[in-house]
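Enquirer: Before anything else, here's the structure in question.
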Amino acid sequence: MCPGVESDQPSDCPKCGMALERNPLWQPLAGQATGDADEDGELAALSRKLGWSAALALPVLALAMGEMTPWGHGHRWPEASRAIQGALATLAVVGPGRFIFVRAWRSLRQGHLNMFSLVALGIGAAWGFSAAAWAAPGLFPATLQHGGQAPLYFEAAAVITALVILGQWLEARARGQTGEAIQALLGLAAPTARRLRGGQDDQEEEVPLAAVQVGDRLRVRPGETIPVDGIVETGRSAVDESMLTGEPLPVAKGPGEAVVGATVNQTGSLVMRAERVGSATMLARIVRLVAQAQRSRAPVQRLADRVSAWFVPAVVLCAVLTFVAWMGWGPEPRLHFAIANAVAVLIIACPCALGLATPMSIMVGVGRGAQLGVLVRDAAALEQAGKITHLLMDKTGTLTEGRPAVACLQALDPAREEAMLAAAAALEQLSEHPLAQAIVRRARQQNAVLQSAEDFVSTPGSGVSGRIDGTLVRAGRGSWLEAEGLPLPEALRQSAAALQEAAHSVVWVAEGDAVSGFLAIADPIKAAAPEAVRALQALGVKLVILTGDNPQAAAAVARRLGIDEVRAEQSPADKLAVIRAFQARGAVVGMAGDGINDAPALAAADVGIAMGTGTDIAIQSAGLTLVKGDLRGLVRALRLSRQVMRNIRQNLGFAFAYNAIGVPVAAGLLYPLGGGLLNPMLAGLAMALSSVSVIANALRLRRGGAES
């Protein structure tokens with residue numbers, strides 16, 4: 001409920017009074033405790049308190065009920081009964097119920113009144129009045145007495161104490177389930193790894209995961225969990241990545257392919273080299289993102305915050321007015337009715353149900369998203385995702401594989417094709433753009449020698465430049481080179497245009513003061529993209545391709561995917577302007593991309609969606625990250641967002657309705673209309689169950705159909 005509160009040891013929140021949850025970011029990924037001991041300790045402590053409070057409250061309730069029976073009147077033993085009730089109720093209140101008053105006092109001292117403030121006031125009023133009536137009955141005039149004696153409420157104090165503890169125990173049980181997503185992620189990590197010794201493939205040792213270092217060569221047998229992130233050196237296999245991506249189909253892996261820690265090797269034996277270990281692995285990043293998002297606050301929470309700010313004072317005022325009304329206009333015995341109804345008002349009001357309505361749904365929803373391959377940076381992004389009306393998508397790496405390959409290259413002088421490729425690759429090896437990486441891969445496949453580039457400059461959305469052996473080399477869009485005063489060769493324009501019509505990206509290369517030729521790069525559409533596009537359109541989202549690539553290549557992809565609107569040759573500034581133009585028209589804009597040039601647009605959009613296969617800058621600028629860059633994950637994210645917001649509205653509606661109905665009923669509003677009165681003990685039970693109901697409703701998201 002209060003994500004800004006932290007403590008270096010188990011304790012209670014000074015604002016809401018609830019027990020603080022262990023921060024998952026403090027937990028190691030393997031081989032050590034994951035915080036279950038703390039949760040079990042809290043449950044065990046509450047179980048003991050519940051047992052003692054029930055053992056003390058039940059005899060008090062039996063004795064109090066006995067006095068109301070025909071055989072309970074007219075005998076001397078009720079005096080002893082009242083003494084026993086007082087003693088047992090006092091033990092229940094100051095023993096297992098002591099923590100209620102400790103939290104209430106802390107809330108009063110901190111100036112943050114909460115549920116425990118109301119409960120302590122109610123229990124204290126019932127017990128204090130009863131103690132005074134039992135110890136000094138002469139203080140009460142005969143007109144306030146019933147049956148010759150002032151009424152006692154020891155049974156209410158004892159039973160309400162037990163019911164509050166029962167509610168805390170049920171809440172602790174339910175809250176433990178909200179963290180199951182992170183616990184499941186933490187449990188994916190392999191506890192050990194098989195490290196090859198001395199570079200010999202036939203000698204291996206089993207070591208703890210914490211002992212694995214970058215550069216270690218590891219063997220992963222069929223059926224074993226891949227221990228860390230790395231690159232396959234030898235062997236071929238199918239790897240189950242479903243626990244990280246939500247996709248059930250295994251992925252083929254071979255030499256040079258990246259593998260992710262915590263995924264499961266299925267068929268063949270692999271030898272891999274560790275590249276990221278410990279907190280640098282994808283699993284560790286996922287855990288951090290999920291934990292941070294679960295602790296963030298959604299904008300919809302502001303409504304509950306505003307109500308909670310005046311909730312407790314308003315309830316106390318209602319209790320005072322209830323007491324005054326029953327004392328002034330109620331039937332005899334007035335004091336009995338006034339105290340019972342005022343205490344019922346204090347007990348039944350539950351700010352926790354209101355405070356838990358949003359954070360519980362967010363916590364479960366973020367965890368569910370991680371299981372579906374969608375990482376949520378904060379609750380605001382999750383809330384906004386379901387409202388997206390227009391989704392703007394980069395082409396390369398988002399709709400296409402993002403690992404393009406050079407399909408062909410043409411130079412004005414065919415004898416210089418390899419030299420042109422080497423010059424372009426020397427520049428592009430300093431760039432993170434997928435097209436640049438394709439050029440570098442092609443050069444290395446041809447065993448080209450890549451020289452070092454000096455004075456390297458990257459112009460986002462246009463190209464790169466630098467000096468190689470003193471010669472200025474530029475590689476990028478044709479329009480950029482023409483703007484630099486370098487006309488494109490007419491002999492190559494026609495073939496370049498034909499390739500662009502066939503959805504190839506053309507990178508022109510200029511050496512010195514003349515254009516040498518171009519490289520045509522093909523980037524296949526992702527296999528899952530057509531299905532994702534159809535699903536997004538079915539959700540009522542308007543799709544727009546927003547790319548820096550040429551119009552012909554962008555239009556070819558749009559035709560194959562059935563997307564109507566295309567904006568091509570867009571610089572980062574252009575993309576930003578397009579997003580703001582859509583927003584000015586009232587659209588809720590989502591932007592999906594994976595490159596550095598997409599970062600400004602991702603940050604400016606209402607919801608930025610980064611491909612997990614993209615650059616770190618893009619991921620840091622986005623509100624949502626699709627772990628494996630699969631757009632079907634975005635479909636799940638939108639569905640999940642709508643489910644979470646529906647769940648939050650249900651929770652808030654329940655909490656508001658519960659308090660709006662419960663407080664007047666507890667005050668006795670129905671009594672003049674022929675209705676009954678609410679016993680304070682039943683009010684305590686209703687209060688305990690209200691928070692549990694909110695949590696139980698939030699837990700339904702774990703079985704949500706966002707993946708369908």
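Every chain in the structure tokens takes a letter, A first, then B, and so on in the order presented; its residues are numbered from 1, and the ligands are numbered from 1 following the presented order.
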Would you kindly return, as a list in words, each protein, DNA or RNA residue with an atom no farther than 8 Å from any atom of range 453-463 of chain A, considering only C-alpha atoms and excluding same-chain residues fewer than 4 positions away?
Expert: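 With the cut-off at 8 Å, the set is Ala426, Leu427, Leu430, Ser431, Arg467, Ile468, Arg474, Ala475, Gly476, Arg477, Trp480, Gly548, Glu569, Gln570, Ser571, Pro572, Ile596 and Asn597 of chain A.
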Enquirer: Could you give me, as an MDAnalysis selection string, each residue of range 572-684 of chain A that DSSP assigns to strand (DSSP E or B) when run on this structure's backbone?
Expert: chainID A and resid 589:593 607:611 624:626
Enquirer: Take the selection from the previous step and output its residues with all heavy atoms, as an mmCIF file, in the first residue's frame.
Expert:
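As a result, result_9.cif now contains:
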```cif
data_model
loop_
_atom_site.group_PDB
_atom_site.id
_atom_site.type_symbol
_atom_site.label_atom_id
_atom_site.label_comp_id
_atom_site.auth_asym_id
_atom_site.auth_seq_id
_atom_site.Cartn_x
_atom_site.Cartn_y
_atom_site.Cartn_z
ATOM 1 N N VAL A 589 -1.350 7.289 -27.451
ATOM 2 C CA VAL A 589 -0.373 6.765 -28.403
ATOM 3 C C VAL A 589 0.568 5.769 -27.729
ATOM 4 O O VAL A 589 1.167 6.060 -26.689
ATOM 5 C CB VAL A 589 0.442 7.910 -29.030
ATOM 6 C CG1 VAL A 589 1.490 7.354 -29.996
ATOM 7 C CG2 VAL A 589 -0.488 8.878 -29.751
ATOM 8 N N GLY A 590 0.689 4.607 -28.351
ATOM 9 C CA GLY A 590 1.730 3.660 -27.991
ATOM 10 C C GLY A 590 2.787 3.670 -29.072
ATOM 11 O O GLY A 590 2.466 3.792 -30.261
ATOM 12 N N MET A 591 4.056 3.573 -28.682
ATOM 13 C CA MET A 591 5.147 3.550 -29.655
ATOM 14 C C MET A 591 5.977 2.310 -29.410
ATOM 15 O O MET A 591 6.446 2.090 -28.278
ATOM 16 C CB MET A 591 6.015 4.808 -29.508
ATOM 17 C CG MET A 591 7.285 4.789 -30.358
ATOM 18 S SD MET A 591 6.950 4.856 -32.142
ATOM 19 C CE MET A 591 8.534 4.326 -32.817
ATOM 20 N N ALA A 592 6.154 1.495 -30.426
ATOM 21 C CA ALA A 592 6.949 0.271 -30.311
ATOM 22 C C ALA A 592 8.200 0.413 -31.152
ATOM 23 O O ALA A 592 8.127 0.719 -32.349
ATOM 24 C CB ALA A 592 6.141 -0.944 -30.763
ATOM 25 N N GLY A 593 9.365 0.209 -30.539
ATOM 26 C CA GLY A 593 10.624 0.319 -31.260
ATOM 27 C C GLY A 593 11.746 -0.358 -30.519
ATOM 28 O O GLY A 593 11.556 -0.868 -29.408
ATOM 29 N N VAL A 607 2.556 5.394 -23.970
ATOM 30 C CA VAL A 607 3.143 4.114 -23.553
ATOM 31 C C VAL A 607 4.234 3.753 -24.551
ATOM 32 O O VAL A 607 3.956 3.563 -25.735
ATOM 33 C CB VAL A 607 2.095 2.979 -23.500
ATOM 34 C CG1 VAL A 607 2.749 1.693 -22.996
ATOM 35 C CG2 VAL A 607 0.928 3.353 -22.611
ATOM 36 N N GLY A 608 5.472 3.681 -24.086
ATOM 37 C CA GLY A 608 6.566 3.228 -24.925
ATOM 38 C C GLY A 608 6.750 1.737 -24.780
ATOM 39 O O GLY A 608 6.748 1.214 -23.655
ATOM 40 N N ILE A 609 6.874 1.039 -25.908
ATOM 41 C CA ILE A 609 7.021 -0.424 -25.890
ATOM 42 C C ILE A 609 8.338 -0.771 -26.565
ATOM 43 O O ILE A 609 8.509 -0.514 -27.764
ATOM 44 C CB ILE A 609 5.852 -1.135 -26.608
ATOM 45 C CG1 ILE A 609 4.512 -0.750 -25.975
ATOM 46 C CG2 ILE A 609 6.044 -2.645 -26.569
ATOM 47 C CD1 ILE A 609 3.638 0.082 -26.856
ATOM 48 N N ALA A 610 9.269 -1.323 -25.817
ATOM 49 C CA ALA A 610 10.586 -1.660 -26.351
ATOM 50 C C ALA A 610 10.674 -3.158 -26.602
ATOM 51 O O ALA A 610 10.085 -3.969 -25.881
ATOM 52 C CB ALA A 610 11.688 -1.230 -25.391
ATOM 53 N N MET A 611 11.429 -3.507 -27.637
ATOM 54 C CA MET A 611 11.723 -4.900 -27.899
ATOM 55 C C MET A 611 12.874 -5.330 -26.977
ATOM 56 O O MET A 611 13.894 -4.631 -26.894
ATOM 57 C CB MET A 611 12.138 -5.121 -29.349
ATOM 58 C CG MET A 611 11.128 -4.638 -30.378
ATOM 59 S SD MET A 611 9.540 -5.528 -30.318
ATOM 60 C CE MET A 611 8.469 -4.242 -29.665
ATOM 61 N N LEU A 624 6.912 -0.458 -21.304
ATOM 62 C CA LEU A 624 6.753 -1.908 -21.421
ATOM 63 C C LEU A 624 7.913 -2.459 -22.240
ATOM 64 O O LEU A 624 8.379 -1.811 -23.178
ATOM 65 C CB LEU A 624 5.437 -2.278 -22.112
ATOM 66 C CG LEU A 624 4.126 -1.777 -21.506
ATOM 67 C CD1 LEU A 624 2.950 -2.197 -22.378
ATOM 68 C CD2 LEU A 624 3.946 -2.299 -20.093
ATOM 69 N N THR A 625 8.369 -3.644 -21.891
ATOM 70 C CA THR A 625 9.407 -4.322 -22.666
ATOM 71 C C THR A 625 8.924 -5.726 -23.002
ATOM 72 O O THR A 625 8.497 -6.470 -22.108
ATOM 73 C CB THR A 625 10.734 -4.406 -21.879
ATOM 74 O OG1 THR A 625 11.191 -3.089 -21.589
ATOM 75 C CG2 THR A 625 11.793 -5.131 -22.701
ATOM 76 N N LEU A 626 8.973 -6.075 -24.283
ATOM 77 C CA LEU A 626 8.621 -7.427 -24.724
ATOM 78 C C LEU A 626 9.903 -8.247 -24.715
ATOM 79 O O LEU A 626 10.819 -7.976 -25.506
ATOM 80 C CB LEU A 626 7.999 -7.393 -26.116
ATOM 81 C CG LEU A 626 6.840 -6.391 -26.296
ATOM 82 C CD1 LEU A 626 6.269 -6.492 -27.703
ATOM 83 C CD2 LEU A 626 5.759 -6.616 -25.250
#
```
Enquirer: What's around range 7-15 of chain A at 6 Å? Count only C-alpha atoms, leave out sequence neighbours fewer than 4 positions away in its own chain, and write the answer as number ranges by chain.
Expert: A: 19-20, 107, 112
Enquirer: Please produce an output containing all heavy atoms for each residue in the selection, written as a PDB file, in the first residue's frame.
Expert:
```
ATOM      1  N   ALA A  19       2.222  -5.238   7.931  1.00  0.00           N
ATOM      2  CA  ALA A  19       3.591  -5.740   7.935  1.00  0.00           C
ATOM      3  C   ALA A  19       4.247  -5.459   6.591  1.00  0.00           C
ATOM      4  O   ALA A  19       3.636  -5.626   5.533  1.00  0.00           O
ATOM      5  CB  ALA A  19       3.593  -7.241   8.223  1.00  0.00           C
ATOM      6  N   LEU A  20       5.504  -5.004   6.628  1.00  0.00           N
ATOM      7  CA  LEU A  20       6.234  -4.743   5.393  1.00  0.00           C
ATOM      8  C   LEU A  20       6.590  -6.058   4.709  1.00  0.00           C
ATOM      9  O   LEU A  20       6.890  -7.044   5.365  1.00  0.00           O
ATOM     10  CB  LEU A  20       7.513  -3.957   5.694  1.00  0.00           C
ATOM     11  CG  LEU A  20       7.321  -2.539   6.239  1.00  0.00           C
ATOM     12  CD1 LEU A  20       8.670  -1.896   6.517  1.00  0.00           C
ATOM     13  CD2 LEU A  20       6.524  -1.681   5.272  1.00  0.00           C
ATOM     14  N   SER A 107       0.680   5.030  14.482  1.00  0.00           N
ATOM     15  CA  SER A 107      -0.024   5.803  13.457  1.00  0.00           C
ATOM     16  C   SER A 107      -0.407   7.181  13.980  1.00  0.00           C
ATOM     17  O   SER A 107      -0.340   8.177  13.244  1.00  0.00           O
ATOM     18  CB  SER A 107      -1.271   5.048  12.989  1.00  0.00           C
ATOM     19  OG  SER A 107      -2.280   5.072  13.989  1.00  0.00           O
ATOM     20  N   HIS A 112      -0.517   9.454  10.633  1.00  0.00           N
ATOM     21  CA  HIS A 112      -1.130   8.687   9.543  1.00  0.00           C
ATOM     22  C   HIS A 112      -2.149   7.724  10.153  1.00  0.00           C
ATOM     23  O   HIS A 112      -1.826   6.579  10.475  1.00  0.00           O
ATOM     24  CB  HIS A 112      -0.076   7.907   8.755  1.00  0.00           C
ATOM     25  CG  HIS A 112       0.912   8.777   8.043  1.00  0.00           C
ATOM     26  ND1 HIS A 112       0.594   9.483   6.909  1.00  0.00           N
ATOM     27  CD2 HIS A 112       2.205   9.058   8.328  1.00  0.00           C
ATOM     28  CE1 HIS A 112       1.656  10.168   6.507  1.00  0.00           C
ATOM     29  NE2 HIS A 112       2.639   9.930   7.347  1.00  0.00           N
TER      30      HIS A 112
END
```
Enquirer: Counting only C-alpha atoms, what is within 10 Å of Val374 in chain A, bar same-chain residues fewer than 5 positions away, as number ranges by chain?
Expert: A: 244-246, 286, 290, 366-369, 609, 611-612, 624-630, 632-637, 640
Enquirer: As an exercise, work out the distance from CA of Arg377 in chain A to CA of Gly623 in chain A in Å and give it to one decimal place.
Expert: 5.1 Å
Enquirer: For Leu50 in chain A, find every residue with an atom within 9 Å (counting only C-alpha atoms), except residues of its own chain fewer than 3 positions away, and show them as a PDB file with C-alpha atoms, in the first residue's frame.
Expert:
```
ATOM      1  CA  ALA A  45       3.395 -15.420  14.789  1.00  0.00           C
ATOM      2  CA  LEU A  46      -0.130 -14.554  13.657  1.00  0.00           C
ATOM      3  CA  SER A  47      -1.154 -18.203  14.034  1.00  0.00           C
ATOM      4  CA  SER A  53      -6.968 -14.882  21.248  1.00  0.00           C
ATOM      5  CA  ALA A  54      -9.535 -17.530  20.283  1.00  0.00           C
ATOM      6  CA  ALA A  55      -8.805 -19.543  23.444  1.00  0.00           C
ATOM      7  CA  PRO A  96      -2.184 -11.311  21.486  1.00  0.00           C
ATOM      8  CA  ALA A 162      -9.602 -12.374  17.754  1.00  0.00           C
ATOM      9  CA  LEU A 163     -11.423 -11.444  14.545  1.00  0.00           C
ATOM     10  CA  ILE A 165      -6.089 -11.172  14.186  1.00  0.00           C
ATOM     11  CA  LEU A 166      -7.983 -13.656  12.001  1.00  0.00           C
ATOM     12  CA  TRP A 169      -3.737 -13.966   9.275  1.00  0.00           C
TER      13      TRP A 169
END
```
Enquirer: CA of Arg106 in chain A and CA of Ala342 in chain A are how many Å apart?
Expert: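 Separation between CA of Arg106 in chain A and CA of Ala342 in chain A: 23.2 Å.
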Enquirer: Give me, as a tab-separated table (two decimals) with C-alpha atoms, in the first residue's frame, all polymer residues having an atom no more than 8 Å from range 264-272 of chain A, counting only C-alpha atoms and skipping those fewer than 5 positions away in the same chain.
Expert:
```tsv
chain	number	residue	atom	x	y	z
A	217	ARG	CA	32.86	-22.49	-20.67
A	218	LEU	CA	29.85	-24.46	-19.45
A	219	ARG	CA	28.24	-27.71	-20.53
A	220	VAL	CA	24.45	-27.96	-20.54
A	221	ARG	CA	23.04	-31.46	-20.92
A	222	PRO	CA	19.56	-32.29	-22.28
A	223	GLY	CA	16.87	-31.52	-19.71
A	224	GLU	CA	19.10	-29.18	-17.69
A	225	THR	CA	18.51	-25.48	-17.00
A	226	ILE	CA	20.87	-23.10	-18.75
A	230	GLY	CA	25.86	-16.71	-22.96
A	231	ILE	CA	26.72	-17.84	-26.48
A	232	VAL	CA	26.62	-21.41	-27.78
A	233	GLU	CA	30.08	-22.57	-28.88
A	234	THR	CA	29.35	-26.15	-29.92
A	235	GLY	CA	26.29	-28.36	-30.18
A	236	ARG	CA	22.73	-27.93	-31.36
A	237	SER	CA	19.53	-28.17	-29.38
A	238	ALA	CA	16.00	-26.85	-28.90
A	239	VAL	CA	15.59	-24.57	-25.89
A	240	ASP	CA	12.34	-24.01	-24.01
A	241	GLU	CA	12.13	-20.26	-23.34
```
Enquirer: Which one of A:Gly662, A:Gln110, A:Met115, A:Met645 sits closest to Gly355 in chain A if you count only C-alpha atoms?
Expert: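 Using only C-alpha atoms, the shortest distance to Gly355 in chain A belongs to A:Met115.
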Enquirer: Extract, using only C-alpha atoms, all DNA, RNA and protein residues at most 12 Å from Arg493 in chain A, discarding same-chain residues fewer than 3 positions from it, and format them as a list in words.
Expert: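 So, after excluding close chain neighbours, the residues are Gln410, Ala411, Leu412, Gly478, Pro487, Leu488, Pro489, Glu490, Ala496, Ala497, Ala498, Leu499, Gln500, Val506, Trp508, Val515, Gly517 and Phe518 of chain A.
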